[in-house]
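Asker: Sharing query_5.cif below, mmCIF, C-alpha atoms:
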```cif
data_model
#
loop_
_atom_site.label_atom_id
_atom_site.label_comp_id
_atom_site.auth_asym_id
_atom_site.auth_seq_id
_atom_site.Cartn_x
_atom_site.Cartn_y
_atom_site.Cartn_z
CA MET G 1354 37.51 126.70 153.12
CA LYS G 1355 38.54 125.23 149.82
CA ASN G 1356 41.62 123.02 149.59
CA PRO G 1357 44.47 124.86 147.71
CA LEU G 1358 45.80 121.51 146.50
CA CYS G 1359 42.49 120.73 144.88
CA ARG G 1360 42.54 124.12 143.23
CA THR G 1361 46.09 123.42 141.94
CA ARG G 1362 45.09 120.00 140.61
CA ALA G 1363 42.05 121.50 138.93
CA GLY G 1364 44.26 124.15 137.34
CA LEU G 1365 46.72 121.51 136.06
CA ALA G 1366 43.86 119.48 134.62
CA LEU G 1367 42.48 122.56 132.90
CA TRP G 1368 45.93 123.38 131.51
CA ALA G 1369 46.43 119.84 130.24
CA ALA G 1370 43.02 119.88 128.57
CA LEU G 1371 43.82 123.21 126.94
CA VAL G 1372 47.20 121.98 125.66
CA PHE G 1373 45.53 118.83 124.26
CA ALA G 1374 42.79 120.89 122.59
CA LEU G 1375 45.32 123.24 121.02
CA SER G 1376 47.31 120.31 119.70
CA LEU G 1377 44.31 118.65 117.97
CA PRO G 1378 44.38 120.71 114.71
CA ALA G 1379 48.07 119.93 114.16
CA TYR G 1380 47.45 116.22 114.83
CA ALA G 1381 44.44 116.12 112.50
CA GLN G 1382 46.43 117.99 109.87
CA TYR G 1383 49.21 115.38 110.06
CA ARG G 1384 46.85 112.44 109.62
CA GLU G 1385 45.17 113.70 106.44
CA TYR G 1386 45.56 111.04 103.73
CA LEU G 1387 45.56 107.25 103.57
CA ILE G 1388 47.39 106.33 100.36
CA SER G 1389 47.34 102.79 98.98
CA GLY G 1390 48.42 101.18 95.72
CA LYS G 1391 50.32 98.36 94.06
CA VAL G 1392 53.55 97.98 92.10
CA VAL G 1393 53.59 95.53 89.19
CA ASP G 1394 55.99 94.58 86.38
CA THR G 1395 55.31 94.88 82.65
CA LYS G 1396 53.48 91.54 82.68
CA GLY G 1397 51.20 92.61 85.52
CA TYR G 1398 52.89 90.51 88.21
CA PRO G 1399 53.33 92.10 91.67
CA VAL G 1400 56.79 93.38 92.61
CA PRO G 1401 57.61 92.96 96.32
CA ASN G 1402 60.21 94.85 98.37
CA VAL G 1403 60.19 97.96 96.23
CA GLU G 1404 61.61 100.91 98.16
CA ILE G 1405 59.26 103.88 97.94
CA ARG G 1406 60.54 107.29 99.02
CA LEU G 1407 58.43 110.46 99.22
CA ARG G 1408 59.74 114.00 99.62
CA ASP G 1409 57.45 116.97 100.20
CA THR G 1410 58.71 119.64 97.80
CA GLY G 1411 57.44 122.40 100.07
CA SER G 1412 58.75 121.30 103.47
CA SER G 1413 61.42 118.71 102.47
CA ARG G 1414 59.78 116.21 104.82
CA SER G 1415 60.43 112.67 103.66
CA PHE G 1416 58.79 109.29 104.16
CA ALA G 1417 59.77 105.76 103.13
CA LEU G 1418 58.42 102.21 103.10
CA GLU G 1419 58.54 99.01 101.01
CA THR G 1420 55.92 97.08 99.08
CA LYS G 1421 54.65 93.83 100.58
CA LYS G 1422 54.91 90.35 99.04
CA ASP G 1423 51.83 91.04 96.93
CA GLY G 1424 53.29 94.33 95.68
CA THR G 1425 50.90 96.51 97.70
CA PHE G 1426 51.81 99.53 99.78
CA LYS G 1427 50.01 101.84 102.18
CA PHE G 1428 50.79 105.26 103.68
CA VAL G 1429 48.61 106.09 106.68
CA GLY G 1430 48.41 109.69 107.83
CA LEU G 1431 50.24 111.44 105.01
CA PRO G 1432 50.03 115.23 105.41
CA HIS G 1433 48.91 117.36 102.50
CA GLY G 1434 51.53 118.57 100.08
CA ILE G 1435 53.17 117.95 96.69
CA TYR G 1436 55.44 114.92 96.76
CA THR G 1437 58.22 113.65 94.56
CA VAL G 1438 57.94 109.85 94.69
CA VAL G 1439 60.76 107.49 93.75
CA PHE G 1440 60.37 103.71 93.32
CA ARG G 1441 63.58 101.68 93.50
CA LYS G 1442 64.47 97.99 93.34
CA ALA G 1443 67.59 96.20 92.14
CA GLY G 1444 67.09 94.78 88.65
CA PHE G 1445 64.47 97.38 87.71
CA ALA G 1446 64.67 100.81 86.16
CA GLU G 1447 64.06 103.56 88.72
CA LYS G 1448 60.63 105.16 88.36
CA THR G 1449 59.72 108.69 89.46
CA ASP G 1450 56.27 110.13 89.96
CA GLU G 1451 54.58 113.17 91.49
CA TRP G 1452 51.66 112.99 93.91
CA LYS G 1453 49.65 116.14 94.55
CA PHE G 1454 47.54 116.28 97.72
CA VAL G 1455 47.36 120.03 98.14
CA LYS G 1456 44.13 120.34 100.11
CA ALA G 1457 44.26 120.12 103.92
CA GLN G 1458 41.79 117.59 105.33
CA ASP G 1459 39.97 117.56 108.67
CA ALA G 1460 39.41 113.81 108.46
CA MET G 1461 41.35 110.94 106.89
CA VAL G 1462 40.81 110.73 103.12
CA LYS G 1463 41.46 107.45 101.29
CA VAL G 1464 43.23 107.68 97.93
CA GLU G 1465 43.89 104.67 95.67
CA ILE G 1466 46.91 105.18 93.42
CA PRO G 1467 46.66 103.54 89.95
CA PRO G 1468 48.97 100.51 89.55
CA VAL G 1469 52.60 101.56 89.25
CA THR G 1470 54.49 99.63 86.54
CA MET G 1471 58.22 99.08 86.90
CA VAL G 1472 60.29 97.87 83.97
CA ALA G 1473 62.88 95.16 84.55
CA ALA G 1474 66.39 96.16 83.52
CA GLU G 1475 66.60 93.24 81.05
CA VAL G 1476 63.30 94.28 79.47
CA LEU G 1477 64.60 97.83 79.19
CA ALA G 1478 67.81 96.58 77.60
CA GLN G 1479 65.82 94.51 75.13
CA ALA G 1480 63.68 97.52 74.29
CA GLU G 1481 66.82 99.53 73.58
CA LYS G 1482 68.10 96.74 71.33
CA MET G 1483 64.78 96.71 69.48
CA LYS G 1484 64.90 100.48 69.09
CA GLU G 1485 68.44 100.26 67.72
CA ALA G 1486 67.40 97.43 65.39
CA ALA G 1487 64.39 99.41 64.16
CA THR G 1488 66.69 102.29 63.26
CA GLY G 1489 68.98 99.91 61.39
CA VAL G 1490 66.08 98.31 59.51
CA LYS G 1491 64.82 101.76 58.55
CA GLU G 1492 68.23 102.69 57.16
CA ALA G 1493 68.39 99.39 55.26
CA SER G 1494 64.92 100.03 53.84
CA GLU G 1495 66.09 103.41 52.55
CA LYS G 1496 69.10 101.78 50.87
CA LEU G 1497 66.71 99.27 49.32
CA ARG G 1498 64.50 102.09 48.03
CA LEU G 1499 67.54 103.71 46.42
CA GLY G 1500 68.50 100.44 44.73
CA ASP G 1501 71.63 99.79 46.81
CA PHE G 1502 70.77 96.19 47.69
CA ASP G 1503 74.23 95.19 48.92
CA ALA G 1504 74.35 98.15 51.31
CA ALA G 1505 70.92 97.16 52.65
CA LEU G 1506 72.09 93.59 53.24
CA GLY G 1507 75.25 94.89 54.93
CA LEU G 1508 73.20 96.98 57.38
CA LEU G 1509 70.86 94.09 58.16
CA GLN G 1510 73.51 91.46 58.94
CA PRO G 1511 74.67 92.86 62.33
CA ILE G 1512 71.03 93.32 63.34
CA LEU G 1513 70.28 89.66 62.63
CA ASP G 1514 73.51 88.60 64.35
CA LYS G 1515 72.28 90.28 67.54
CA ASN G 1516 68.65 89.28 67.18
CA PRO G 1517 68.07 86.40 64.73
CA ASN G 1518 64.33 86.56 65.47
CA ASP G 1519 63.68 90.05 64.14
CA PRO G 1520 60.94 89.57 61.49
CA ASN G 1521 61.32 93.10 60.12
CA ALA G 1522 65.01 92.59 59.41
CA TRP G 1523 64.30 89.25 57.74
CA TYR G 1524 61.56 90.81 55.62
CA VAL G 1525 63.75 93.63 54.30
CA ARG G 1526 66.55 91.09 53.72
CA GLY G 1527 64.15 89.00 51.65
CA LEU G 1528 63.17 92.03 49.57
CA ALA G 1529 66.82 92.93 48.93
CA LEU G 1530 67.61 89.37 47.85
CA GLN G 1531 64.52 89.38 45.62
CA ARG G 1532 65.73 92.53 43.88
CA LYS G 1533 69.11 90.90 43.35
CA GLY G 1534 67.42 87.83 41.86
CA VAL G 1535 68.79 85.49 44.53
CA TRP G 1536 65.52 83.62 44.77
CA ALA G 1537 66.54 80.66 46.94
CA ASP G 1538 67.97 82.92 49.66
CA ALA G 1539 64.99 85.27 49.39
CA THR G 1540 62.68 82.27 49.85
CA ALA G 1541 64.56 81.27 53.02
CA ALA G 1542 64.26 84.82 54.38
CA PHE G 1543 60.51 85.00 53.80
CA LEU G 1544 60.01 81.51 55.26
CA LYS G 1545 61.65 82.88 58.43
CA VAL G 1546 59.28 85.86 58.37
CA THR G 1547 56.21 83.60 58.17
CA GLU G 1548 57.51 81.56 61.13
CA LEU G 1549 58.19 84.62 63.28
CA ALA G 1550 55.13 86.65 62.23
CA PRO G 1551 52.36 84.24 61.16
CA GLN G 1552 49.79 87.07 60.96
CA PHE G 1553 51.92 89.19 58.61
CA ALA G 1554 50.27 88.78 55.21
CA ALA G 1555 53.12 90.39 53.26
CA GLY G 1556 55.50 87.63 54.33
CA PHE G 1557 53.30 84.96 52.71
CA TYR G 1558 52.71 87.22 49.71
CA GLN G 1559 56.41 87.68 48.97
CA LEU G 1560 57.06 83.99 49.62
CA GLY G 1561 54.45 83.27 46.94
CA VAL G 1562 56.31 85.60 44.54
CA CYS G 1563 59.52 83.66 45.19
CA TYR G 1564 57.89 80.32 44.47
CA GLN G 1565 56.19 81.71 41.39
CA ARG G 1566 59.48 83.01 39.98
CA GLN G 1567 61.15 79.66 40.69
CA GLY G 1568 58.53 77.76 38.71
CA GLU G 1569 56.66 76.23 41.66
CA PRO G 1570 53.07 77.35 40.99
CA ASP G 1571 51.38 75.04 43.51
CA LYS G 1572 53.55 76.35 46.34
CA ALA G 1573 52.96 79.91 45.15
CA LEU G 1574 49.22 79.31 45.07
CA GLY G 1575 49.25 78.03 48.67
CA GLN G 1576 51.15 81.08 49.94
CA TYR G 1577 48.90 83.52 48.07
CA GLN G 1578 45.78 81.86 49.44
CA THR G 1579 47.15 82.09 53.00
CA ALA G 1580 48.01 85.75 52.45
CA LEU G 1581 44.54 86.42 51.08
CA THR G 1582 42.90 85.14 54.28
CA LEU G 1583 45.03 87.65 56.23
CA ASP G 1584 44.66 90.53 53.76
CA PRO G 1585 41.45 90.01 51.74
CA ALA G 1586 41.48 93.51 50.20
CA ASN G 1587 44.92 93.33 48.57
CA ALA G 1588 44.44 93.85 44.83
CA ASP G 1589 47.99 92.88 43.82
CA LEU G 1590 47.59 89.65 45.77
CA MET G 1591 44.39 88.83 43.89
CA TYR G 1592 46.18 89.60 40.62
CA ASN G 1593 49.14 87.31 41.39
CA LEU G 1594 46.77 84.57 42.48
CA GLY G 1595 44.95 84.99 39.17
CA LEU G 1596 48.25 84.70 37.27
CA VAL G 1597 49.05 81.34 38.83
CA LEU G 1598 45.58 80.02 38.02
CA PHE G 1599 45.82 81.42 34.48
CA GLY G 1600 49.19 79.74 34.00
CA GLN G 1601 47.65 76.42 35.04
CA GLY G 1602 44.90 76.86 32.45
CA ARG G 1603 42.26 77.44 35.14
CA ILE G 1604 40.73 80.39 33.28
CA ASP G 1605 37.32 80.25 34.95
CA GLU G 1606 39.03 80.57 38.36
CA ALA G 1607 41.54 83.18 37.24
CA LEU G 1608 39.06 85.64 35.69
CA PRO G 1609 37.15 86.34 38.96
CA ARG G 1610 40.49 87.13 40.67
CA PHE G 1611 41.39 89.71 38.02
CA GLU G 1612 37.91 91.21 38.19
CA GLN G 1613 38.10 91.39 42.00
CA ALA G 1614 41.42 93.21 41.66
CA LEU G 1615 39.84 95.60 39.14
CA ALA G 1616 37.02 96.35 41.57
CA LEU G 1617 39.71 97.80 43.84
CA LYS G 1618 41.94 99.32 41.14
CA PRO G 1619 39.80 99.76 38.00
CA ASP G 1620 42.48 101.56 35.97
CA ASP G 1621 45.42 99.19 36.53
CA PRO G 1622 46.68 98.27 33.03
CA ALA G 1623 48.08 94.88 34.12
CA TYR G 1624 44.78 93.85 35.70
CA LEU G 1625 42.87 95.00 32.60
CA GLU G 1626 45.20 93.16 30.27
CA MET G 1627 44.90 89.86 32.12
CA ALA G 1628 41.10 90.13 32.31
CA GLY G 1629 41.19 90.67 28.54
CA ARG G 1630 43.39 87.62 28.06
CA CYS G 1631 40.97 85.52 30.06
CA TYR G 1632 38.18 86.53 27.69
CA VAL G 1633 40.41 85.71 24.72
CA ASN G 1634 40.81 82.19 26.12
CA LYS G 1635 37.07 81.98 26.70
CA GLY G 1636 36.49 82.95 23.06
CA ASP G 1637 34.70 86.21 23.86
CA PHE G 1638 36.82 88.51 21.69
CA LEU G 1639 34.52 91.53 22.02
CA LYS G 1640 34.87 91.60 25.80
CA ALA G 1641 38.58 90.88 25.43
CA ILE G 1642 39.03 93.91 23.17
CA ALA G 1643 37.07 96.12 25.56
CA TYR G 1644 39.46 95.26 28.41
CA LEU G 1645 42.57 95.46 26.24
CA GLU G 1646 41.58 98.90 24.90
CA LYS G 1647 41.31 100.15 28.51
CA ALA G 1648 44.66 98.56 29.33
CA LYS G 1649 46.28 100.33 26.37
CA ALA G 1650 44.78 103.67 27.41
CA ALA G 1651 46.11 103.27 30.97
CA ALA G 1652 49.56 101.91 30.01
CA THR G 1653 52.66 104.13 29.98
CA ASP G 1654 55.30 101.74 28.67
CA PRO G 1655 55.65 102.28 24.88
CA ASP G 1656 56.55 98.64 24.26
CA ARG G 1657 53.49 97.46 26.17
CA ILE G 1658 51.25 99.87 24.31
CA LYS G 1659 52.60 98.58 20.99
CA PHE G 1660 52.05 94.96 22.12
CA LEU G 1661 48.44 95.70 23.10
CA GLU G 1662 47.77 97.53 19.83
CA ASP G 1663 49.03 94.53 17.85
CA LEU G 1664 46.99 92.11 19.97
CA ILE G 1665 43.81 94.14 19.54
CA THR G 1666 44.40 94.29 15.78
CA GLN G 1667 44.85 90.52 15.61
CA LEU G 1668 41.64 89.98 17.57
CA LYS G 1669 39.67 92.27 15.27
CA VAL G 1670 40.98 90.38 12.26
CA GLN G 1671 39.98 87.08 13.86
CA ILE G 1672 36.49 88.40 14.61
CA LYS G 1673 36.05 89.14 10.91
CA LYS G 1674 37.64 85.99 9.51
CA TYR G 1675 36.96 83.41 12.22
CA PRO G 1676 34.05 84.47 14.43
CA GLY G 1677 33.83 82.44 17.65
CA ARG G 1678 37.39 81.14 17.42
CA SER G 1679 39.37 81.22 20.73
CA SER G 1680 43.04 81.91 21.29
CA ARG G 1681 45.41 81.12 24.19
CA LEU G 1682 48.05 83.57 25.35
CA ASP G 1683 51.15 83.34 27.55
CA THR G 1684 51.11 84.43 31.21
CA ALA G 1685 52.24 87.87 32.26
CA GLY G 1686 54.72 88.69 34.99
CA GLU G 1687 53.67 88.70 38.65
CA LYS G 1688 53.60 91.81 40.84
CA SER G 1689 55.96 91.88 43.79
#
```
Could you show the structure in this file as structure tokens?
Answerer:
Amino acid sequence: MKNPLCRTRAGLALWAALVFALSLPAYAQYREYLISGKVVDTKGYPVPNVEIRLRDTGSSRSFALETKKDGTFKFVGLPHGIYTVVFRKAGFAEKTDEWKFVKAQDAMVKVEIPPVTMVAAEVLAQAEKMKEAATGVKEASEKLRLGDFDAALGLLQPILDKNPNDPNAWYVRGLALQRKGVWADATAAFLKVTELAPQFAAGFYQLGVCYQRQGEPDKALGQYQTALTLDPANADLMYNLGLVLFGQGRIDEALPRFEQALALKPDDPAYLEMAGRCYVNKGDFLKAIAYLEKAKAAATDPDRIKFLEDLITQLKVQIKKYPGRSSRLDTAGEKS
């Protein structure tokens, strides 16, 4: 005869096994994803103790943890779903993301989240200031374009009061002062630009213009040469460099600069005229006339056209009366 107690124990064991077996799918479903990642700041440094909160948009289940000292985090056993993820830490702007793990998994699946970047509040504030400054500089540039130089300077002053190291504001200020003919102050503005933005060729270029207009050709030459190393395909820069050399009587050095500029802008009347003047100084009147004729054809200013016509006429007379005789001419104005 079989023991009833044994039969009861066997039945309980069978029931327990059945309950355990029935519970396995739910347990496996719960432990579906192993999520890991790292939180860093805008410089790439890890951010510890960031509160991370997840909410399943379908079931409203929520989970939370914090990043470790090295900025890493790990969720073990995250069920499938679509999650709204919020990263919070004092001193940083809150960041929101969405993680989609919609497929149910029978076994744990590892997922590496790309680095999460949090922006420090002070960095965000600085970015807002820069955005505001950029808007102000843009408005000042428009005033400058319209010829209202004082209005441009008025818009730039509060920007520079807040951020005295804004190279864009200093650059537009320099241009406005240039247009007003306040050369010493314009020079100071462009010097500031070259200090703050040493790779910005236009700053050195405009500084060269200032020195050139103030009668300091050696300083102008130095600034133009620096600008040319940063912007070797700037035709106006080559032209201005040629003007300084021409003014110093260095015709053989000036002519290649004008011809380089013409290679980039072959129909520029100022470039053509100065190339012609170089040939006048070299005594090659035929080549000089060829360049000056092209300059006259491309010119639009009636006074300049008349000047070139008279110069060409004089050269033709000299060819007839004094073949081989050279002539020196004054320098032309620089391009800004």
Asker: Which residues fall under the PyMOL selection byres ((chain G and resi 1611-1615) around 8) in this file, as a PyMOL selection string?
Answerer: chain G and resi 1587-1589+1591-1592+1595+1607-1610+1616-1621+1624-1625+1627-1628
Asker: Those selected residues, please, written with C-alpha atoms and delivered as a PDB file, keeping the file's coordinate frame.
Answerer:
```pdb
ATOM      1  CA  ASN G1587      44.920  93.330  48.570  1.00  0.00           C
ATOM      2  CA  ALA G1588      44.440  93.850  44.830  1.00  0.00           C
ATOM      3  CA  ASP G1589      47.990  92.880  43.820  1.00  0.00           C
ATOM      4  CA  MET G1591      44.390  88.830  43.890  1.00  0.00           C
ATOM      5  CA  TYR G1592      46.180  89.600  40.620  1.00  0.00           C
ATOM      6  CA  GLY G1595      44.950  84.990  39.170  1.00  0.00           C
ATOM      7  CA  ALA G1607      41.540  83.180  37.240  1.00  0.00           C
ATOM      8  CA  LEU G1608      39.060  85.640  35.690  1.00  0.00           C
ATOM      9  CA  PRO G1609      37.150  86.340  38.960  1.00  0.00           C
ATOM     10  CA  ARG G1610      40.490  87.130  40.670  1.00  0.00           C
ATOM     11  CA  ALA G1616      37.020  96.350  41.570  1.00  0.00           C
ATOM     12  CA  LEU G1617      39.710  97.800  43.840  1.00  0.00           C
ATOM     13  CA  LYS G1618      41.940  99.320  41.140  1.00  0.00           C
ATOM     14  CA  PRO G1619      39.800  99.760  38.000  1.00  0.00           C
ATOM     15  CA  ASP G1620      42.480 101.560  35.970  1.00  0.00           C
ATOM     16  CA  ASP G1621      45.420  99.190  36.530  1.00  0.00           C
ATOM     17  CA  TYR G1624      44.780  93.850  35.700  1.00  0.00           C
ATOM     18  CA  LEU G1625      42.870  95.000  32.600  1.00  0.00           C
ATOM     19  CA  MET G1627      44.900  89.860  32.120  1.00  0.00           C
ATOM     20  CA  ALA G1628      41.100  90.130  32.310  1.00  0.00           C
TER      21      ALA G1628
END
```
Asker: Please, what distance in Å, to one decimal, runs between atom CA of G:Val1469 and atom CA of G:Leu1418?
Answerer: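 Distance reported for this atom pair: 15.0 Å.
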Asker: Counting all atoms listed in the file, which residue out of G:Leu1574, G:Val1455, G:Val1400, G:Leu1407 sits closest to G:Tyr1436?
Answerer: G:Leu1407
Asker: Using the chain letters and residue numbers of this document, give as a list in words the residues selected by the PyMOL selection byres ((chain G and resi 1540) around 8).
Answerer: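 For this structure, the PyMOL selection byres ((chain G and resi 1540) around 8) resolves to Gly1527, Trp1536, Ala1537, Asp1538, Ala1539, Ala1541, Ala1542, Phe1543, Leu1544, Leu1560, Cys1563 and Tyr1564 of chain G.
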Asker: Can you write out the residues you just picked, keeping C-alpha atoms, as a PDB file, keeping the file's coordinate frame?
Answerer:
```pdb
ATOM      1  CA  GLY G1527      64.150  89.000  51.650  1.00  0.00           C
ATOM      2  CA  TRP G1536      65.520  83.620  44.770  1.00  0.00           C
ATOM      3  CA  ALA G1537      66.540  80.660  46.940  1.00  0.00           C
ATOM      4  CA  ASP G1538      67.970  82.920  49.660  1.00  0.00           C
ATOM      5  CA  ALA G1539      64.990  85.270  49.390  1.00  0.00           C
ATOM      6  CA  ALA G1541      64.560  81.270  53.020  1.00  0.00           C
ATOM      7  CA  ALA G1542      64.260  84.820  54.380  1.00  0.00           C
ATOM      8  CA  PHE G1543      60.510  85.000  53.800  1.00  0.00           C
ATOM      9  CA  LEU G1544      60.010  81.510  55.260  1.00  0.00           C
ATOM     10  CA  LEU G1560      57.060  83.990  49.620  1.00  0.00           C
ATOM     11  CA  CYS G1563      59.520  83.660  45.190  1.00  0.00           C
ATOM     12  CA  TYR G1564      57.890  80.320  44.470  1.00  0.00           C
TER      13      TYR G1564
END
```
Asker: Please enclose the listed atoms of stretch 1529-1545 of chain G in an axis-aligned box, pad each side by 3 Å, and write out the centre and the three edge lengths in Å, rounded to one decimal, as lines of an AutoDock Vina configuration file.
Answerer:
```
center_x = 64.6
center_y = 86.8
center_z = 50.1
size_x = 15.1
size_y = 18.3
size_z = 22.6
```
